[in-house]
2 protein chains.
Amino acid sequence: MKQLNLDTIVATLEGLEETIIFKLIDRAQFKVNHSVYEPGKSGFVDADNSASLFELRLRYHEEADALFGRFCAPEERPFCKDLPIKKRAVTLPETGLVIDDYDTINLTEDIKKMYIQSIPKLCIAGDDQQYGSSVEHDVYALQAIARRIHFGALYVAECKYQKNPEVYRKIIDQHDEQALLETLTRKDVEQKIIERVKNKVAHVQSGINPQVRRSIDPEIILRLYEEHIIPLTKKGEIVYLLQRKPQVTP
Amino acid sequence: MKQLNLDTIVATLEGLEETIIFKLIDRAQFKVNHSVYEPGKSGFVDADNSASLFELRLRYHEEADALFGRFCAPEERPFCKDLPIKKRAVTLPETGLVIDDYDTINLTEDIKKMYIQSIPKLCIAGDDQQYGSSVEHDVYALQAIARRIHFGALYVAECKYQKNPEVYRKIIDQHDEQALLETLTRKDVEQKIIERVKNKVAHVQSGINPQVRRSIDPEIILRLYEEHIIPLTKKGEIVYLLQRKPQVTP
């Protein structure tokens, strides 16, 4: 079985921070545009009336993604159901994960909910009619956030298990979610991440000409990490560990 | 007729620089992956054999974009032909442009060619098998660059015409492309843009941890602007002006 290296995994997570930050700043160039999130207001001539423009954009995007094989990667979990099957062969390196079905760790409902709730903090209130651009950037940001959460949930959890199989196995067998949460939580690491993210947001924007491009308050992305991205990653870790099969312990 | 304001237009172009830079840096996290640009190597089970994975991704993306009405905006010119018609009503503010068909100013063939030629300078040589992610980021970067070029081509040209209608009308009537190029070129402005872009690339990346995320040489994006983005914008300005109708001179 493949031994996972925590340093490599942590480095990947750190490298995804800029991608998330870039995409949120790009979205923040447009106003909230509340109606794009309202069911039945997509304006699509033949669309399901219960869908919002945002939901429709997400579905069209993921349908194409599915054909290209995106969801073969463990950390790429789809937001939509009933997607088409892939049209190309995808070869993945050995993952090291010990689980039958990656999609049992799918936090996209939570991610979508918290993302939409964050929009009024991220963007200026009001409507600029840039609906198409808004939902396009929503999808990019949402996918970047989901990739970070699922990557962390799967690989960090497996890594922690590999380091301490006896401890984790015992808690898993007891199905003790609270003990799992306490065992995998590292408050010092979390604090380091949110400080670093805040500094990155401030730094990336410090060269921006405020007359031509909107900047966002670094506190907003700090809180997104602190209140949502990190807790959801840990929620995913717990779901992974509860299903982690015992037999292939190294 | 709507009077265009050059300061507003220049500000929009400046604001698009970060978007282009962010997307190119994101693409540069993956290797060149040459085979994604090779016709017939898409690996798609039922695809047109002459298409590359990159071409297929671009087509799927633009087909969804077309349904959402993206190409109603003057500066959003499609790379692909025979796209589906839009499925929602799109209301655009008055553009101020004086031209019948925006698609007569479509530089996407040039943009695609120069973009693919730039990939070996932007990315590390070799193959990391991240084909899906590579072409996904290609499409994002390509669309951001195309938006900048077409926005500049259309609005900067119209603005310059409005400021100096007699001078431009005379050259247009003579169909003198060389004189148009000389009249609209502002070397000092171009120099300011490429310096600013170079500084932005350096600044945005200066906070990056080189152990977790790849940085690119700011000179590469400087040259992309100097040798391609600015010249193609001016090429588009000339095409616009040659078709600019005289009757609605303010």
# chains A, B, ... in the order shown; residues from 1 in each chain; ligands from 1
$ interface_residues --of "chain A" --to "chain B" --cutoff "8 Å" --atoms "only C-alpha atoms" --output "mmCIF file with N, CA and C atoms, in the first residue's frame"
data_model
loop_
_atom_site.group_PDB
_atom_site.id
_atom_site.type_symbol
_atom_site.label_atom_id
_atom_site.label_comp_id
_atom_site.auth_asym_id
_atom_site.auth_seq_id
_atom_site.Cartn_x
_atom_site.Cartn_y
_atom_site.Cartn_z
ATOM 1 N N ALA A 11 1.550 20.631 1.557
ATOM 2 C CA ALA A 11 2.043 21.553 0.532
ATOM 3 C C ALA A 11 1.004 21.743 -0.569
ATOM 4 N N THR A 12 0.342 20.665 -0.956
ATOM 5 C CA THR A 12 -0.710 20.780 -1.979
ATOM 6 C C THR A 12 -1.835 21.684 -1.483
ATOM 7 N N GLU A 14 -1.644 24.017 0.710
ATOM 8 C CA GLU A 14 -1.161 25.407 0.762
ATOM 9 C C GLU A 14 -1.149 26.016 -0.644
ATOM 10 N N GLY A 15 -0.746 25.220 -1.618
ATOM 11 C CA GLY A 15 -0.701 25.711 -3.000
ATOM 12 C C GLY A 15 -2.077 26.012 -3.569
ATOM 13 N N THR A 19 -5.196 29.755 -5.504
ATOM 14 C CA THR A 19 -6.241 29.527 -6.514
ATOM 15 C C THR A 19 -7.604 29.946 -5.959
ATOM 16 N N PHE A 22 -7.606 33.858 -5.671
ATOM 17 C CA PHE A 22 -7.727 34.497 -6.996
ATOM 18 C C PHE A 22 -9.174 34.438 -7.496
ATOM 19 N N ASP A 26 -11.844 37.461 -8.161
ATOM 20 C CA ASP A 26 -12.465 37.642 -9.486
ATOM 21 C C ASP A 26 -13.999 37.734 -9.371
ATOM 22 N N SER A 42 -33.979 31.880 -13.721
ATOM 23 C CA SER A 42 -32.837 31.750 -14.623
ATOM 24 C C SER A 42 -33.076 32.474 -15.947
ATOM 25 N N GLY A 43 -34.357 32.621 -16.319
ATOM 26 C CA GLY A 43 -34.652 33.225 -17.612
ATOM 27 C C GLY A 43 -34.427 32.274 -18.774
ATOM 28 N N PHE A 44 -34.064 31.032 -18.487
ATOM 29 C CA PHE A 44 -33.854 30.041 -19.554
ATOM 30 C C PHE A 44 -35.196 29.657 -20.153
ATOM 31 N N VAL A 45 -35.231 29.614 -21.483
ATOM 32 C CA VAL A 45 -36.520 29.384 -22.133
ATOM 33 C C VAL A 45 -37.126 28.022 -21.822
ATOM 34 N N ASP A 46 -36.297 27.004 -21.739
ATOM 35 C CA ASP A 46 -36.879 25.666 -21.574
ATOM 36 C C ASP A 46 -36.355 24.958 -20.328
ATOM 37 N N ARG A 57 -25.829 26.879 -14.463
ATOM 38 C CA ARG A 57 -24.433 27.020 -14.895
ATOM 39 C C ARG A 57 -23.582 25.887 -14.316
ATOM 40 N N TYR A 60 -24.374 22.609 -16.267
ATOM 41 C CA TYR A 60 -23.753 22.568 -17.603
ATOM 42 C C TYR A 60 -22.244 22.354 -17.479
ATOM 43 N N HIS A 61 -21.648 23.049 -16.524
ATOM 44 C CA HIS A 61 -20.200 22.936 -16.344
ATOM 45 C C HIS A 61 -19.814 21.526 -15.918
ATOM 46 N N ALA A 64 -20.007 18.834 -18.693
ATOM 47 C CA ALA A 64 -18.795 18.799 -19.530
ATOM 48 C C ALA A 64 -17.641 18.176 -18.742
ATOM 49 N N PHE A 68 -15.127 14.733 -19.509
ATOM 50 C CA PHE A 68 -13.660 14.780 -19.536
ATOM 51 C C PHE A 68 -13.029 13.941 -18.414
ATOM 52 N N GLY A 69 -13.846 13.377 -17.552
ATOM 53 C CA GLY A 69 -13.312 12.482 -16.526
ATOM 54 C C GLY A 69 -12.879 13.143 -15.234
ATOM 55 N N ARG A 70 -13.304 14.400 -15.032
ATOM 56 C CA ARG A 70 -12.881 15.113 -13.827
ATOM 57 C C ARG A 70 -13.138 14.331 -12.540
ATOM 58 N N LYS A 87 -16.063 10.186 -21.292
ATOM 59 C CA LYS A 87 -15.850 9.790 -22.681
ATOM 60 C C LYS A 87 -14.387 9.511 -22.976
ATOM 61 N N ARG A 88 -13.535 9.544 -21.973
ATOM 62 C CA ARG A 88 -12.124 9.255 -22.214
ATOM 63 C C ARG A 88 -11.561 8.446 -21.059
ATOM 64 N N ALA A 89 -10.530 7.688 -21.359
ATOM 65 C CA ALA A 89 -9.870 6.912 -20.312
ATOM 66 C C ALA A 89 -9.041 7.861 -19.459
ATOM 67 N N GLY A 132 -24.304 36.460 -16.168
ATOM 68 C CA GLY A 132 -23.517 35.374 -16.760
ATOM 69 C C GLY A 132 -22.120 35.304 -16.159
ATOM 70 N N LYS A 200 -1.961 36.400 2.694
ATOM 71 C CA LYS A 200 -1.905 36.263 1.237
ATOM 72 C C LYS A 200 -2.925 37.178 0.548
ATOM 73 N N HIS A 203 -1.666 40.657 0.737
ATOM 74 C CA HIS A 203 -0.496 40.862 -0.118
ATOM 75 C C HIS A 203 -0.873 40.909 -1.596
ATOM 76 N N VAL A 204 -1.654 39.932 -2.024
ATOM 77 C CA VAL A 204 -2.027 39.840 -3.452
ATOM 78 C C VAL A 204 -2.722 41.122 -3.899
ATOM 79 N N GLN A 205 -3.500 41.712 -3.002
ATOM 80 C CA GLN A 205 -4.278 42.892 -3.368
ATOM 81 C C GLN A 205 -3.536 44.200 -3.146
ATOM 82 N N GLY A 207 -1.100 45.506 -4.428
ATOM 83 C CA GLY A 207 -0.634 46.204 -5.626
ATOM 84 C C GLY A 207 -1.765 46.699 -6.513
ATOM 85 N N GLN A 211 -8.931 52.244 -8.059
ATOM 86 C CA GLN A 211 -9.838 52.923 -8.990
ATOM 87 C C GLN A 211 -10.280 52.027 -10.137
ATOM 88 N N VAL A 212 -9.558 50.918 -10.336
ATOM 89 C CA VAL A 212 -9.917 50.063 -11.471
ATOM 90 C C VAL A 212 -10.340 48.659 -11.059
ATOM 91 N N ARG A 213 -10.073 48.300 -9.813
ATOM 92 C CA ARG A 213 -10.373 46.936 -9.406
ATOM 93 C C ARG A 213 -10.721 46.908 -7.936
#
$ residues_around --residues "region 72-81 of chain B" --least-positions-apart "3" --cutoff "6 Å" --atoms "only C-alpha atoms" --output "PyMOL selection string"
chain B and resi 69+102+106+108+147+150-151
$ atom_distance --atom1 "CA of Glu55 (chain A)" --atom2 "CA of Asp128 (chain A)"
19.4 Å
$ atom_distance --atom1 "CA of Ala179 (chain A)" --atom2 "CA of Tyr240 (chain A)"
14.4 Å
$ atom_distance --atom1 "CA of Pro246 (chain B)" --atom2 "CA of Thr104 (chain B)"
17.2 Å
$ closest_residue --among "B:Ala51, B:Ile116, B:Ile124, B:Val98" --to "Glu158 (chain B)" --atoms "only C-alpha atoms"
B:Val98
$ select_by_dssp --residues "region 11-211 of chain A" --states "helix (DSSP H, G or I)" --output "PyMOL selection string"
chain A and resi 11-27+34-37+53-68+70-72+102-104+108-122+131-163+165-173+177-184+187-205
$ closest_residue --among "B:Glu177, B:Ile149, B:Thr183, B:Ser35" --to "Asn164 (chain B)" --atoms "only C-alpha atoms"
B:Thr183
$ closest_residue --among "B:Glu62, B:Asp103, B:Ile193, B:Ala141" --to "Pro84 (chain B)" --atoms "only C-alpha atoms"
B:Glu62
